[in-house]
file data.cif (mmCIF, C-alpha atoms)
data_start
loop_
_atom_site.label_atom_id
_atom_site.label_comp_id
_atom_site.auth_asym_id
_atom_site.auth_seq_id
_atom_site.Cartn_x
_atom_site.Cartn_y
_atom_site.Cartn_z
CA MET A 2 60.99 -114.23 5.66
CA PHE A 3 59.67 -113.53 2.15
CA LYS A 4 55.97 -112.96 1.64
CA LEU A 5 54.68 -114.97 -1.25
CA THR A 6 52.66 -112.28 -3.00
CA LYS A 7 51.64 -112.46 -6.63
CA LYS A 8 54.40 -110.06 -7.66
CA ASN A 9 57.03 -111.98 -5.71
CA LEU A 10 55.87 -115.23 -7.21
CA ALA A 11 55.99 -113.76 -10.69
CA SER A 12 59.58 -112.57 -10.23
CA LEU A 13 60.65 -115.81 -8.56
CA VAL A 14 59.24 -117.96 -11.33
CA ILE A 15 59.33 -115.84 -14.46
CA PHE A 16 62.93 -114.59 -14.41
CA PRO A 17 64.68 -117.94 -13.74
CA CYS A 18 62.32 -119.64 -16.23
CA LEU A 19 63.04 -116.96 -18.81
CA ALA A 20 66.78 -117.46 -18.29
CA LEU A 21 66.40 -121.22 -18.56
CA ILE A 22 64.21 -121.07 -21.69
CA LEU A 23 66.62 -118.60 -23.27
CA SER A 24 69.47 -120.98 -22.58
CA ILE A 25 67.63 -123.97 -24.05
CA VAL A 26 66.13 -122.25 -27.08
CA VAL A 27 69.12 -120.26 -28.25
CA PRO A 28 72.35 -122.22 -27.73
CA GLN A 29 73.36 -121.13 -31.24
CA PHE A 30 73.51 -117.62 -29.84
CA ARG A 31 77.02 -118.24 -28.53
CA SER A 32 79.00 -118.49 -31.78
CA PRO A 33 77.69 -115.36 -33.55
CA VAL A 34 78.11 -113.25 -30.42
CA LEU A 35 81.63 -114.56 -29.96
CA ASN A 36 82.29 -113.51 -33.55
CA ILE A 37 81.03 -110.00 -32.82
CA LEU A 38 83.21 -109.85 -29.70
CA LYS A 39 86.28 -110.94 -31.67
CA PHE A 40 87.44 -107.42 -32.51
CA PRO A 41 87.31 -106.00 -28.96
CA LEU A 42 88.96 -109.20 -27.69
CA VAL A 43 91.80 -108.81 -30.19
CA MET A 44 92.21 -105.18 -29.10
CA VAL A 45 92.28 -106.01 -25.39
CA SER A 46 94.74 -108.88 -25.86
CA ALA A 47 96.97 -106.59 -27.96
CA VAL A 48 96.93 -103.96 -25.18
CA LYS A 49 97.68 -106.72 -22.63
CA GLY A 50 100.64 -107.87 -24.77
CA GLU A 51 102.04 -104.33 -24.99
CA LEU A 52 101.64 -103.76 -21.24
CA THR A 53 103.39 -107.05 -20.46
CA ALA A 54 106.22 -106.16 -22.84
CA LEU A 55 106.70 -102.79 -21.11
CA VAL A 56 106.48 -104.12 -17.57
CA PHE A 57 108.89 -106.98 -18.24
CA TYR A 58 111.31 -105.03 -20.46
CA HIS A 59 114.52 -106.11 -18.66
CA ARG A 60 113.47 -109.72 -18.35
CA ASN A 61 112.53 -109.76 -22.04
CA SER A 62 115.88 -108.25 -22.99
CA ALA A 63 117.81 -110.94 -21.09
CA GLY A 64 115.50 -113.58 -22.53
CA TYR A 65 116.14 -112.29 -26.05
CA ALA A 66 119.92 -112.67 -25.66
CA ARG A 67 119.48 -116.23 -24.36
CA ILE A 68 117.07 -117.17 -27.13
CA LYS A 69 119.40 -115.76 -29.79
CA LYS A 70 122.15 -118.07 -28.54
CA GLU A 71 119.74 -120.98 -28.54
CA ALA A 72 118.59 -120.12 -32.08
CA ASP A 73 122.19 -120.24 -33.35
CA TYR A 74 122.70 -123.61 -31.69
CA LEU A 75 119.42 -124.94 -33.09
CA LYS A 76 120.24 -123.71 -36.61
CA ASN A 77 123.41 -125.76 -36.42
CA LYS A 78 121.44 -128.79 -35.15
CA LEU A 79 118.86 -128.31 -37.92
CA ASN A 80 121.57 -128.46 -40.56
CA GLU A 81 122.81 -131.74 -39.08
CA LEU A 82 119.25 -133.08 -38.93
CA ASP A 83 118.64 -132.16 -42.58
CA GLU A 84 121.41 -134.56 -43.47
CA VAL A 85 119.94 -137.26 -41.23
CA TYR A 86 116.47 -136.65 -42.73
CA LEU A 87 117.76 -137.08 -46.28
CA GLU A 88 119.61 -140.23 -45.28
CA ASN A 89 116.45 -141.50 -43.53
CA ARG A 90 114.38 -140.91 -46.67
CA ARG A 91 116.91 -142.72 -48.82
CA LEU A 92 116.96 -145.71 -46.45
CA LYS A 93 113.15 -145.74 -46.17
CA GLY A 94 112.98 -145.76 -49.94
CA LEU A 95 115.35 -148.70 -50.03
CA LEU A 96 113.22 -150.57 -47.48
CA SER A 97 109.95 -149.51 -49.21
CA PHE A 98 108.62 -147.87 -46.05
CA LYS A 99 105.64 -145.52 -46.39
CA ASN A 100 106.53 -141.90 -45.69
CA THR A 101 104.12 -140.19 -43.32
CA ALA A 102 102.79 -136.91 -44.63
CA PRO A 103 103.43 -133.84 -42.46
CA HIS A 104 100.35 -132.34 -40.82
CA LYS A 105 98.60 -129.39 -42.40
CA VAL A 106 98.28 -126.70 -39.74
CA VAL A 107 96.63 -123.32 -39.28
CA ALA A 108 98.39 -120.87 -36.96
CA ALA A 109 96.15 -118.92 -34.58
CA LYS A 110 96.54 -116.31 -31.86
CA ILE A 111 94.94 -116.65 -28.44
CA ILE A 112 92.62 -113.69 -27.88
CA GLY A 113 90.78 -114.76 -24.74
CA ARG A 114 90.40 -117.37 -22.03
CA SER A 115 87.50 -118.86 -20.12
CA ALA A 116 85.84 -116.34 -17.84
CA ASP A 117 85.39 -118.80 -14.96
CA ASN A 118 87.75 -120.78 -12.74
CA TRP A 119 86.22 -124.16 -13.55
CA SER A 120 87.43 -124.77 -17.07
CA SER A 121 90.65 -124.36 -18.99
CA VAL A 122 89.62 -122.94 -22.33
CA VAL A 123 91.16 -120.47 -24.74
CA ILE A 124 89.55 -118.55 -27.59
CA ILE A 125 91.57 -118.34 -30.81
CA ASP A 126 91.21 -115.87 -33.67
CA LYS A 127 90.64 -118.45 -36.45
CA GLY A 128 87.45 -120.36 -37.12
CA SER A 129 85.48 -122.41 -39.60
CA SER A 130 86.30 -119.97 -42.41
CA ARG A 131 89.90 -121.21 -42.18
CA GLY A 132 88.92 -124.87 -42.19
CA ILE A 133 88.90 -125.37 -38.42
CA ARG A 134 86.33 -127.91 -37.24
CA ARG A 135 85.22 -129.32 -33.91
CA ASP A 136 87.51 -132.00 -32.34
CA MET A 137 90.57 -130.98 -34.33
CA PRO A 138 93.81 -131.32 -32.33
CA VAL A 139 95.70 -128.19 -31.32
CA VAL A 140 99.46 -128.16 -30.77
CA SER A 141 102.34 -125.75 -30.38
CA PHE A 142 105.95 -126.22 -31.44
CA LEU A 143 106.63 -127.70 -27.99
CA GLY A 144 103.82 -130.24 -27.83
CA LEU A 145 100.13 -130.97 -27.38
CA VAL A 146 97.88 -128.05 -26.37
CA GLY A 147 94.28 -129.30 -26.58
CA ARG A 148 91.26 -129.86 -28.79
CA VAL A 149 88.82 -127.59 -30.64
CA THR A 150 85.41 -127.75 -28.96
CA GLU A 151 83.42 -125.02 -30.72
CA THR A 152 83.88 -123.02 -33.89
CA ALA A 153 82.36 -119.87 -35.29
CA ALA A 154 83.31 -118.24 -38.60
CA GLY A 155 86.19 -116.21 -37.17
CA THR A 156 86.85 -117.70 -33.74
CA SER A 157 87.14 -121.09 -32.06
CA LYS A 158 87.22 -122.40 -28.53
CA VAL A 159 90.00 -124.78 -27.56
CA MET A 160 89.82 -126.98 -24.48
CA LEU A 161 93.34 -127.22 -23.03
CA ILE A 162 94.88 -130.49 -21.88
CA ASN A 163 94.69 -129.45 -18.23
CA ASP A 164 90.89 -129.25 -18.35
CA PRO A 165 89.30 -132.12 -16.40
CA GLY A 166 86.86 -132.67 -19.28
CA LEU A 167 89.60 -133.91 -21.61
CA ALA A 168 91.05 -137.44 -21.54
CA ILE A 169 94.03 -138.33 -23.70
CA SER A 170 95.25 -141.82 -24.50
CA ALA A 171 99.02 -141.68 -24.06
CA VAL A 172 102.10 -143.90 -23.97
CA VAL A 173 105.46 -143.67 -22.26
CA GLY A 174 107.92 -142.90 -25.07
CA ARG A 175 110.62 -145.28 -23.80
CA SER A 176 108.61 -148.36 -22.79
CA ARG A 177 105.33 -147.82 -24.75
CA GLN A 178 103.37 -148.30 -21.51
CA GLU A 179 99.81 -147.05 -22.05
CA GLY A 180 97.81 -144.82 -19.74
CA LEU A 181 95.07 -142.19 -19.72
CA ILE A 182 95.93 -138.55 -19.09
CA ARG A 183 93.50 -136.11 -17.50
CA GLY A 184 93.87 -132.53 -16.36
CA SER A 185 92.98 -131.15 -12.97
CA LEU A 186 92.88 -127.40 -13.73
CA GLY A 187 96.38 -127.04 -12.29
CA LYS A 188 99.76 -126.84 -14.00
CA ASN A 189 100.31 -130.60 -14.04
CA LEU A 190 98.42 -133.53 -15.57
CA VAL A 191 97.68 -136.95 -14.11
CA MET A 192 98.36 -140.20 -16.00
CA ARG A 193 96.14 -142.97 -14.60
CA TYR A 194 95.45 -146.68 -15.15
CA LEU A 195 99.10 -147.68 -14.96
CA PRO A 196 99.54 -151.25 -13.69
CA GLN A 197 101.63 -151.86 -10.56
CA ASP A 198 104.49 -153.25 -12.65
CA ALA A 199 104.32 -150.49 -15.29
CA ASP A 200 107.69 -149.59 -16.81
CA ILE A 201 107.67 -145.86 -16.12
CA GLN A 202 110.31 -143.60 -14.59
CA VAL A 203 110.65 -139.98 -13.58
CA THR A 204 111.74 -137.81 -16.59
CA ASP A 205 110.22 -140.29 -19.07
CA LYS A 206 108.71 -138.57 -22.10
CA ILE A 207 104.93 -139.06 -22.58
CA VAL A 208 103.46 -138.91 -26.09
CA THR A 209 100.01 -139.40 -27.62
CA SER A 210 99.23 -143.01 -28.47
CA GLY A 211 97.01 -142.21 -31.47
CA LEU A 212 94.65 -144.98 -30.30
CA ASN A 213 91.33 -143.09 -30.19
CA GLY A 214 92.00 -141.22 -33.42
CA THR A 215 91.48 -137.75 -31.95
CA TRP A 216 95.17 -136.92 -31.79
CA PRO A 217 97.87 -137.96 -34.21
CA LYS A 218 100.34 -140.47 -32.82
CA GLY A 219 103.59 -139.34 -31.23
CA ILE A 220 102.82 -135.74 -30.21
CA ILE A 221 104.73 -134.93 -27.05
CA ILE A 222 102.54 -134.21 -24.02
CA GLY A 223 105.12 -133.80 -21.27
CA ARG A 224 107.52 -135.52 -18.89
CA VAL A 225 106.96 -137.61 -15.78
CA GLU A 226 107.52 -135.61 -12.59
CA GLU A 227 106.35 -138.06 -9.93
CA ILE A 228 105.00 -141.62 -9.68
CA ASN A 229 102.67 -142.70 -6.87
CA ALA A 230 100.48 -145.67 -5.98
CA GLU A 231 96.68 -145.25 -6.24
CA PHE A 232 94.73 -145.30 -2.97
CA SER A 233 93.38 -148.76 -3.81
CA GLY A 234 96.94 -150.07 -4.20
CA LEU A 235 95.97 -151.84 -7.42
CA SER A 236 97.54 -149.41 -9.85
CA LYS A 237 99.86 -146.44 -10.12
CA TYR A 238 99.46 -142.89 -11.34
CA ALA A 239 102.03 -140.43 -12.62
CA ILE A 240 102.15 -136.65 -12.40
CA ILE A 241 103.05 -135.22 -15.80
CA LYS A 242 104.49 -131.77 -16.39
CA PRO A 243 103.19 -130.54 -19.78
CA SER A 244 105.89 -129.61 -22.29
CA VAL A 245 103.85 -126.51 -23.15
CA ASP A 246 103.41 -123.75 -20.56
CA LEU A 247 99.62 -123.53 -20.84
CA SER A 248 99.30 -120.36 -18.78
CA ALA A 249 101.69 -118.38 -20.97
CA LEU A 250 100.47 -119.65 -24.32
CA GLU A 251 100.02 -116.96 -26.98
CA GLU A 252 99.98 -118.78 -30.31
CA VAL A 253 98.88 -122.27 -31.30
CA LEU A 254 98.69 -124.48 -34.37
CA VAL A 255 95.46 -126.27 -35.28
CA ILE A 256 96.02 -129.52 -37.18
CA VAL A 257 93.45 -129.33 -39.97
CA GLY A 258 94.57 -132.23 -42.09
CA MET B 18 78.94 -101.34 -20.29
CA ILE B 19 80.37 -102.20 -16.86
CA GLY B 20 78.96 -105.73 -17.25
CA LEU B 21 80.69 -106.12 -20.58
CA MET B 22 83.91 -104.78 -19.09
CA ALA B 23 83.77 -107.18 -16.13
CA VAL B 24 83.38 -110.26 -18.34
CA PHE B 25 86.02 -108.96 -20.76
CA LEU B 26 88.45 -108.45 -17.89
CA GLU B 27 87.77 -111.98 -16.65
CA ALA B 28 88.44 -113.40 -20.10
CA THR B 29 91.60 -111.40 -20.80
CA LEU B 30 93.62 -109.29 -18.37
CA LEU B 31 92.71 -111.09 -15.16
CA ASN B 32 94.37 -114.26 -16.47
CA SER B 33 97.71 -112.54 -15.84
CA LEU B 34 96.72 -111.93 -12.21
CA ARG B 35 95.79 -115.50 -11.36
CA ILE B 36 96.84 -116.80 -7.95
CA PHE B 37 97.06 -120.60 -7.79
CA ASN B 38 95.16 -120.65 -11.07
CA VAL B 39 92.29 -118.66 -9.57
CA LYS B 40 91.01 -115.23 -10.60
CA PRO B 41 88.43 -113.03 -8.89
CA ALA B 42 84.77 -113.50 -9.87
CA LEU B 43 84.16 -109.95 -11.06
CA SER B 44 80.99 -110.71 -12.98
CA LEU B 45 79.18 -112.24 -10.00
CA LEU B 46 80.45 -109.38 -7.85
CA LEU B 47 78.87 -106.93 -10.28
CA VAL B 48 75.59 -108.84 -10.32
CA VAL B 49 75.38 -108.88 -6.50
CA LEU B 50 76.30 -105.19 -6.22
CA GLY B 51 73.71 -104.45 -8.89
CA ALA B 52 71.07 -106.32 -6.89
CA LEU B 53 71.97 -104.36 -3.75
CA ASN B 54 71.95 -100.96 -5.44
CA LEU B 55 69.51 -101.04 -8.38
CA GLU B 56 65.79 -101.47 -8.79
CA GLU B 57 64.60 -105.06 -9.15
CA ASP B 58 63.99 -105.00 -12.91
CA TRP B 59 67.34 -103.36 -13.65
CA ALA B 60 69.17 -105.73 -11.30
CA LEU B 61 67.61 -108.79 -12.94
CA GLY B 62 68.26 -107.37 -16.39
CA LEU B 63 71.91 -106.87 -15.47
CA ALA B 64 72.07 -110.43 -14.11
CA VAL B 65 70.66 -111.85 -17.37
CA PHE B 66 73.03 -109.75 -19.49
CA VAL B 67 76.18 -110.57 -17.50
CA GLY B 68 75.14 -114.23 -17.19
CA LEU B 69 74.63 -114.54 -20.93
CA LEU B 70 77.98 -112.89 -21.61
CA LYS B 71 79.72 -115.23 -19.19
CA ASP B 72 77.99 -118.21 -20.79
CA ILE B 73 79.35 -117.15 -24.18
CA PHE B 74 82.90 -117.46 -22.85
CA ALA B 75 82.24 -120.63 -20.85
CA LEU B 76 82.43 -124.16 -22.10
CA LYS B 77 79.73 -125.77 -20.01
CA ALA B 78 76.05 -125.96 -20.94
CA PHE B 79 74.84 -122.62 -22.19
CA GLY B 80 72.65 -120.93 -19.61
CA ILE B 81 74.04 -122.23 -16.32
CA ASN B 82 75.58 -118.89 -15.42
CA THR B 83 72.53 -116.93 -16.60
CA PHE B 84 70.26 -119.07 -14.45
CA PHE B 85 72.38 -118.86 -11.30
CA PHE B 86 73.12 -115.15 -11.71
CA VAL B 87 69.40 -114.37 -11.95
CA LEU B 88 68.67 -116.60 -8.97
CA PHE B 89 71.34 -115.02 -6.78
CA ALA B 90 70.51 -111.47 -7.91
CA LEU B 91 66.91 -112.11 -6.91
CA ALA B 92 67.95 -113.56 -3.55
CA ALA B 93 70.32 -110.66 -2.82
CA PHE B 94 67.69 -108.11 -3.84
CA ARG B 95 65.00 -109.65 -1.64
CA LEU B 96 67.35 -109.98 1.30
CA SER B 97 68.45 -106.35 1.00
CA ARG B 98 64.80 -105.29 1.23
CA LYS B 99 64.25 -107.34 4.38
CA ILE B 100 67.40 -106.51 6.33
CA SER B 101 69.70 -103.52 6.22
CA LEU B 102 72.85 -104.24 4.20
CA ASP B 103 74.31 -100.73 4.23
CA ASN B 104 77.51 -101.79 5.99
CA ILE B 105 80.21 -102.76 3.49
CA ASN B 106 81.34 -105.69 5.66
CA LEU B 107 77.83 -107.12 5.65
CA ARG B 108 77.72 -106.79 1.89
CA LEU B 109 81.10 -108.48 1.64
CA GLY B 110 79.93 -111.32 3.87
CA LEU B 111 76.77 -111.78 1.82
CA PHE B 112 78.78 -111.77 -1.40
CA CYS B 113 81.24 -114.39 -0.09
CA ILE B 114 78.36 -116.67 0.91
CA ILE B 115 76.74 -116.23 -2.51
CA LEU B 116 80.04 -116.90 -4.30
CA ILE B 117 80.71 -120.10 -2.33
CA LEU B 118 77.13 -121.27 -2.89
CA TYR B 119 77.38 -120.47 -6.61
CA ASP B 120 80.63 -122.43 -6.95
CA ILE B 121 79.25 -125.42 -5.05
CA LEU B 122 76.02 -125.44 -7.07
CA LEU B 123 77.96 -125.07 -10.32
CA LEU B 124 80.20 -127.98 -9.36
CA LEU B 125 77.26 -130.17 -8.36
CA VAL B 126 75.30 -129.42 -11.55
CA SER B 127 78.42 -130.01 -13.68
CA TYR B 128 79.14 -133.27 -11.85
CA TYR B 129 75.63 -134.74 -12.08
CA PHE B 130 74.59 -133.51 -15.51
CA PHE B 131 77.83 -133.13 -17.46
CA ASN B 132 80.08 -135.75 -15.86
CA PHE B 133 82.60 -133.06 -14.92
CA SER B 134 84.75 -134.13 -12.01
CA ILE B 135 87.82 -132.62 -10.45
CA PRO B 136 89.73 -133.73 -7.35
CA LEU B 137 88.06 -132.59 -4.13
CA GLY B 138 91.25 -130.82 -3.01
CA VAL B 139 91.43 -128.76 -6.19
CA ALA B 140 87.72 -127.93 -5.95
CA LEU B 141 87.94 -126.80 -2.31
CA ARG B 142 91.10 -124.80 -2.98
CA THR B 143 89.47 -123.04 -5.94
CA VAL B 144 86.24 -122.30 -4.06
CA PHE B 145 87.92 -120.75 -1.03
CA LEU B 146 90.72 -118.98 -2.89
CA GLU B 147 88.20 -117.48 -5.30
CA ALA B 148 86.14 -116.21 -2.37
CA LEU B 149 89.22 -114.76 -0.64
CA TYR B 150 90.63 -113.20 -3.80
CA THR B 151 87.30 -111.63 -4.77
CA ALA B 152 86.82 -110.39 -1.20
CA ALA B 153 90.22 -108.70 -1.47
CA VAL B 154 89.18 -106.78 -4.60
CA PHE B 155 85.64 -106.12 -3.28
CA PRO B 156 86.32 -102.61 -1.82
CA LEU B 157 88.07 -101.58 -5.05
CA ALA B 158 85.19 -102.81 -7.18
CA VAL B 159 82.64 -101.01 -4.96
CA LYS B 160 84.59 -97.75 -5.30
CA PHE B 161 84.88 -98.16 -9.06
CA ILE B 162 81.22 -98.92 -9.56
CA ARG B 163 80.14 -95.99 -7.39
#

call {"tool": "encode", "arguments": {"input": "data.cif", "output": "structure tokens"}}
result
Amino acid sequence: MFKLTKKNLASLVIFPCLALILSIVVPQFRSPVLNILKFPLVMVSAVKGELTALVFYHRNSAGYARIKKEADYLKNKLNELDEVYLENRRLKGLLSFKNTAPHKVVAAKIIGRSADNWSSVVIIDKGSSRGIRRDMPVVSFLGLVGRVTETAAGTSKVMLINDPGLAISAVVGRSRQEGLIRGSLGKNLVMRYLPQDADIQVTDKIVTSGLNGTWPKGIIIGRVEEINAEFSGLSKYAIIKPSVDLSALEEVLVIVG
Amino acid sequence: MIGLMAVFLEATLLNSLRIFNVKPALSLLLVVLGALNLEEDWALGLAVFVGLLKDIFALKAFGINTFFFVLFALAAFRLSRKISLDNINLRLGLFCIILILYDILLLLVSYYFFNFSIPLGVALRTVFLEALYTAAVFPLAVKFIR
């Protein structure tokens, strides 16, 4: 169908080769360009936020009333917990237990997401200039969000927990049963490598095990929605609903220390 | 400018319009339309530019999108010179085939070279929904670009 003339051959070979060479020679190209694109990305995400606020005005208004009630209730709970915390510290002191230091975090806004349908990545507006490094864990107030995979001076890329490229060592909060959590690009996660007799139930809380050192121990990942047997029949797997709504995420906290 | 806008839309606003976690592939749509309407050098230039931009936002190996975009732009350009693709339905059909091929190739390359694996059901759902969703916005995009 195509005649293999010199010009055709040149186009067929030169352009793909040029693209390939460009991709091999300049992988560092990505971070500086992402830095340049930061400002327009911030602008577009701000416009998107305003548009969403206008479109969902009534829903937001009802949500505000509900959240205000919740905030009052939580303030009351917090006061109670302050007392418990002080008591806990006193008792720990008596028992000579080591107090764990709270994590140092950097708050960041999400300004963009992956442009394709094959990865679950967000771009945040803080980078290496704020102490963010590759592989740092990212959380929100509700639980685990993901891991930093690339940083530039003013932006970073975060791979979310529902990306298939991320595996998280996790335990069932109640029974301490271990398993490995992986994403599948959807809303839910899959916890695999659970033995047939694993002590796991629907609504069980799943937290990070802290075993591989990437994530601090005890960060909530989600709750068990469903438990099924693997096709081989040798083990079980559980469907986990993340505690964080990853599709509606707007702000995150990067644990920097 | 339109290339920049397409990738920007994919990275920002289109995330609010996802259906089953899938958004339309505007950047590839632009590259194919460019190949069908522009001169060869311009079409390939557009493919390189949009591919590079998409690679900046992607997580996988830098250059995959650039490479495939150039390849498909070239294929679409050559095909359009051999057979008449003036009918919008023919163009839509060609684009859907290219999009499905692109997704399958991307998945295969990611699987064999980067150990990226997702359940077959999720992959098939994403491939076909992406093709359907992009086909639905195809007439709009054609009008806008014209």

call {"tool": "resolve_selection", "arguments": {"input": "data.cif", "expression": "the PyMOL selection byres ((chain B and resi 40) around 8)", "output": "ChimeraX atom specification"}}
result
/A:117-118 /B:27,31-32,34-36,38-39,41-42,147,150-151

call {"tool": "residues_near_point", "arguments": {"input": "data.cif", "point": "(90.0, -142.7, -27.9)", "cutoff": "10 Å", "atoms": "only C-alpha atoms", "output": "ChimeraX atom specification"}}
result
/A:168-171,181,210-216

call {"tool": "closest_residue", "arguments": {"input": "data.cif", "among": "B:Val48, B:Leu55, B:Ile73, B:Ile162", "to": "chain A", "atoms": "all atoms listed in the file"}}
result
B:Ile73

call {"tool": "residues_around", "arguments": {"input": "data.cif", "residues": "Thr209 (chain A)", "least_positions_apart": "3", "cutoff": "6 Å", "atoms": "all atoms listed in the file", "output": "ChimeraX atom specification"}}
result
/A:171,218-220

call {"tool": "write_last_selection", "arguments": {"input": "data.cif", "atoms": "C-alpha atoms", "output": "compact mmCIF listing (two decimals), keeping the file's coordinate frame"}}
result
# COMPACT_ATOMS: atom_id res chain seq x y z
CA ALA A 171 99.02 -141.68 -24.06
CA LYS A 218 100.34 -140.47 -32.82
CA GLY A 219 103.59 -139.34 -31.23
CA ILE A 220 102.82 -135.74 -30.21

call {"tool": "closest_residue", "arguments": {"input": "data.cif", "among": "B:Leu50, B:Ala140, B:Ile81, B:Leu88", "to": "Ile117 (chain B)", "atoms": "all atoms listed in the file"}}
result
B:Ala140

call {"tool": "resolve_selection", "arguments": {"input": "data.cif", "expression": "the PyMOL selection byres ((chain B) within 9 of (chain A))", "output": "mmCIF file with C-alpha atoms, in the coordinates of the input"}}
result
data_model
loop_
_atom_site.group_PDB
_atom_site.id
_atom_site.type_symbol
_atom_site.label_atom_id
_atom_site.label_comp_id
_atom_site.auth_asym_id
_atom_site.auth_seq_id
_atom_site.Cartn_x
_atom_site.Cartn_y
_atom_site.Cartn_z
ATOM 1 C CA VAL B 24 83.380 -110.260 -18.340
ATOM 2 C CA PHE B 25 86.020 -108.960 -20.760
ATOM 3 C CA LEU B 26 88.450 -108.450 -17.890
ATOM 4 C CA GLU B 27 87.770 -111.980 -16.650
ATOM 5 C CA ALA B 28 88.440 -113.400 -20.100
ATOM 6 C CA THR B 29 91.600 -111.400 -20.800
ATOM 7 C CA LEU B 30 93.620 -109.290 -18.370
ATOM 8 C CA ASN B 32 94.370 -114.260 -16.470
ATOM 9 C CA SER B 33 97.710 -112.540 -15.840
ATOM 10 C CA PHE B 37 97.060 -120.600 -7.790
ATOM 11 C CA ASN B 38 95.160 -120.650 -11.070
ATOM 12 C CA VAL B 39 92.290 -118.660 -9.570
ATOM 13 C CA LYS B 40 91.010 -115.230 -10.600
ATOM 14 C CA PRO B 41 88.430 -113.030 -8.890
ATOM 15 C CA ALA B 42 84.770 -113.500 -9.870
ATOM 16 C CA SER B 44 80.990 -110.710 -12.980
ATOM 17 C CA LEU B 61 67.610 -108.790 -12.940
ATOM 18 C CA VAL B 65 70.660 -111.850 -17.370
ATOM 19 C CA LEU B 69 74.630 -114.540 -20.930
ATOM 20 C CA LEU B 70 77.980 -112.890 -21.610
ATOM 21 C CA LYS B 71 79.720 -115.230 -19.190
ATOM 22 C CA ASP B 72 77.990 -118.210 -20.790
ATOM 23 C CA ILE B 73 79.350 -117.150 -24.180
ATOM 24 C CA PHE B 74 82.900 -117.460 -22.850
ATOM 25 C CA ALA B 75 82.240 -120.630 -20.850
ATOM 26 C CA LEU B 76 82.430 -124.160 -22.100
ATOM 27 C CA LYS B 77 79.730 -125.770 -20.010
ATOM 28 C CA ALA B 78 76.050 -125.960 -20.940
ATOM 29 C CA PHE B 79 74.840 -122.620 -22.190
ATOM 30 C CA GLY B 80 72.650 -120.930 -19.610
ATOM 31 C CA ILE B 81 74.040 -122.230 -16.320
ATOM 32 C CA THR B 83 72.530 -116.930 -16.600
ATOM 33 C CA PHE B 84 70.260 -119.070 -14.450
ATOM 34 C CA PHE B 85 72.380 -118.860 -11.300
ATOM 35 C CA VAL B 87 69.400 -114.370 -11.950
ATOM 36 C CA LEU B 88 68.670 -116.600 -8.970
ATOM 37 C CA LEU B 91 66.910 -112.110 -6.910
ATOM 38 C CA ARG B 95 65.000 -109.650 -1.640
ATOM 39 C CA LEU B 96 67.350 -109.980 1.300
ATOM 40 C CA LYS B 99 64.250 -107.340 4.380
ATOM 41 C CA ASP B 120 80.630 -122.430 -6.950
ATOM 42 C CA LEU B 123 77.960 -125.070 -10.320
ATOM 43 C CA LEU B 124 80.200 -127.980 -9.360
ATOM 44 C CA ASN B 132 80.080 -135.750 -15.860
ATOM 45 C CA PHE B 133 82.600 -133.060 -14.920
ATOM 46 C CA SER B 134 84.750 -134.130 -12.010
ATOM 47 C CA ILE B 135 87.820 -132.620 -10.450
ATOM 48 C CA PRO B 136 89.730 -133.730 -7.350
ATOM 49 C CA VAL B 139 91.430 -128.760 -6.190
ATOM 50 C CA ALA B 140 87.720 -127.930 -5.950
ATOM 51 C CA THR B 143 89.470 -123.040 -5.940
ATOM 52 C CA VAL B 144 86.240 -122.300 -4.060
ATOM 53 C CA GLU B 147 88.200 -117.480 -5.300
#

call {"tool": "atom_distance", "arguments": {"input": "data.cif", "atom1": "CA of Ala93 (chain B)", "atom2": "CA of Ile115 (chain B)"}}
result
8.5 Å

call {"tool": "residues_around", "arguments": {"input": "data.cif", "residues": "Tyr238 (chain A)", "least_positions_apart": "4", "cutoff": "8 Å", "atoms": "only C-alpha atoms", "output": "list of chain:residue names"}}
result
A:Val191, A:Met192, A:Arg193, A:Tyr194, A:Leu195, A:Ile228, A:Asn229, A:Ala230, A:Glu231

call {"tool": "atom_distance", "arguments": {"input": "data.cif", "atom1": "CA of Ser130 (chain A)", "atom2": "CA of Leu145 (chain A)"}}
result
23.2 Å

call {"tool": "atom_distance", "arguments": {"input": "data.cif", "atom1": "CA of Ser233 (chain A)", "atom2": "CA of Val173 (chain A)"}}
result
22.6 Å

call {"tool": "closest_residue", "arguments": {"input": "data.cif", "among": "A:Arg91, A:Lys242, A:Arg175, A:Arg224", "to": "Thr204 (chain A)", "atoms": "all atoms listed in the file"}}
result
A:Arg224

call {"tool": "closest_residue", "arguments": {"input": "data.cif", "among": "B:Pro156, B:Leu146, B:Ile19, B:Ile100", "to": "Phe66 (chain B)", "atoms": "all atoms listed in the file"}}
result
B:Ile19

call {"tool": "resolve_selection", "arguments": {"input": "data.cif", "expression": "the PyMOL selection byres ((chain A and resi 132) around 12)", "output": "list in words"}}
result
Lys105, Val106, Val107, Ala108, Lys127, Gly128, Ser129, Ser130, Arg131, Ile133, Arg134, Arg135, Met137, Val149, Thr152, Ala153, Ala154, Gly155, Thr156, Ser157, Val255, Ile256, Val257 and Gly258 of chain A

call {"tool": "residues_around", "arguments": {"input": "data.cif", "residues": "region 251-253 of chain A", "least_positions_apart": "5", "cutoff": "7 Å", "atoms": "only C-alpha atoms", "output": "PDB file with C-alpha atoms, in the coordinates of the input"}}
result
ATOM      1  CA  ALA A 108      98.390-120.870 -36.960  1.00  0.00           C
ATOM      2  CA  ALA A 109      96.150-118.920 -34.580  1.00  0.00           C
ATOM      3  CA  LYS A 110      96.540-116.310 -31.860  1.00  0.00           C
ATOM      4  CA  ILE A 111      94.940-116.650 -28.440  1.00  0.00           C
ATOM      5  CA  VAL A 139      95.700-128.190 -31.320  1.00  0.00           C
ATOM      6  CA  VAL A 140      99.460-128.160 -30.770  1.00  0.00           C
ATOM      7  CA  SER A 141     102.340-125.750 -30.380  1.00  0.00           C
TER       8      SER A 141
END
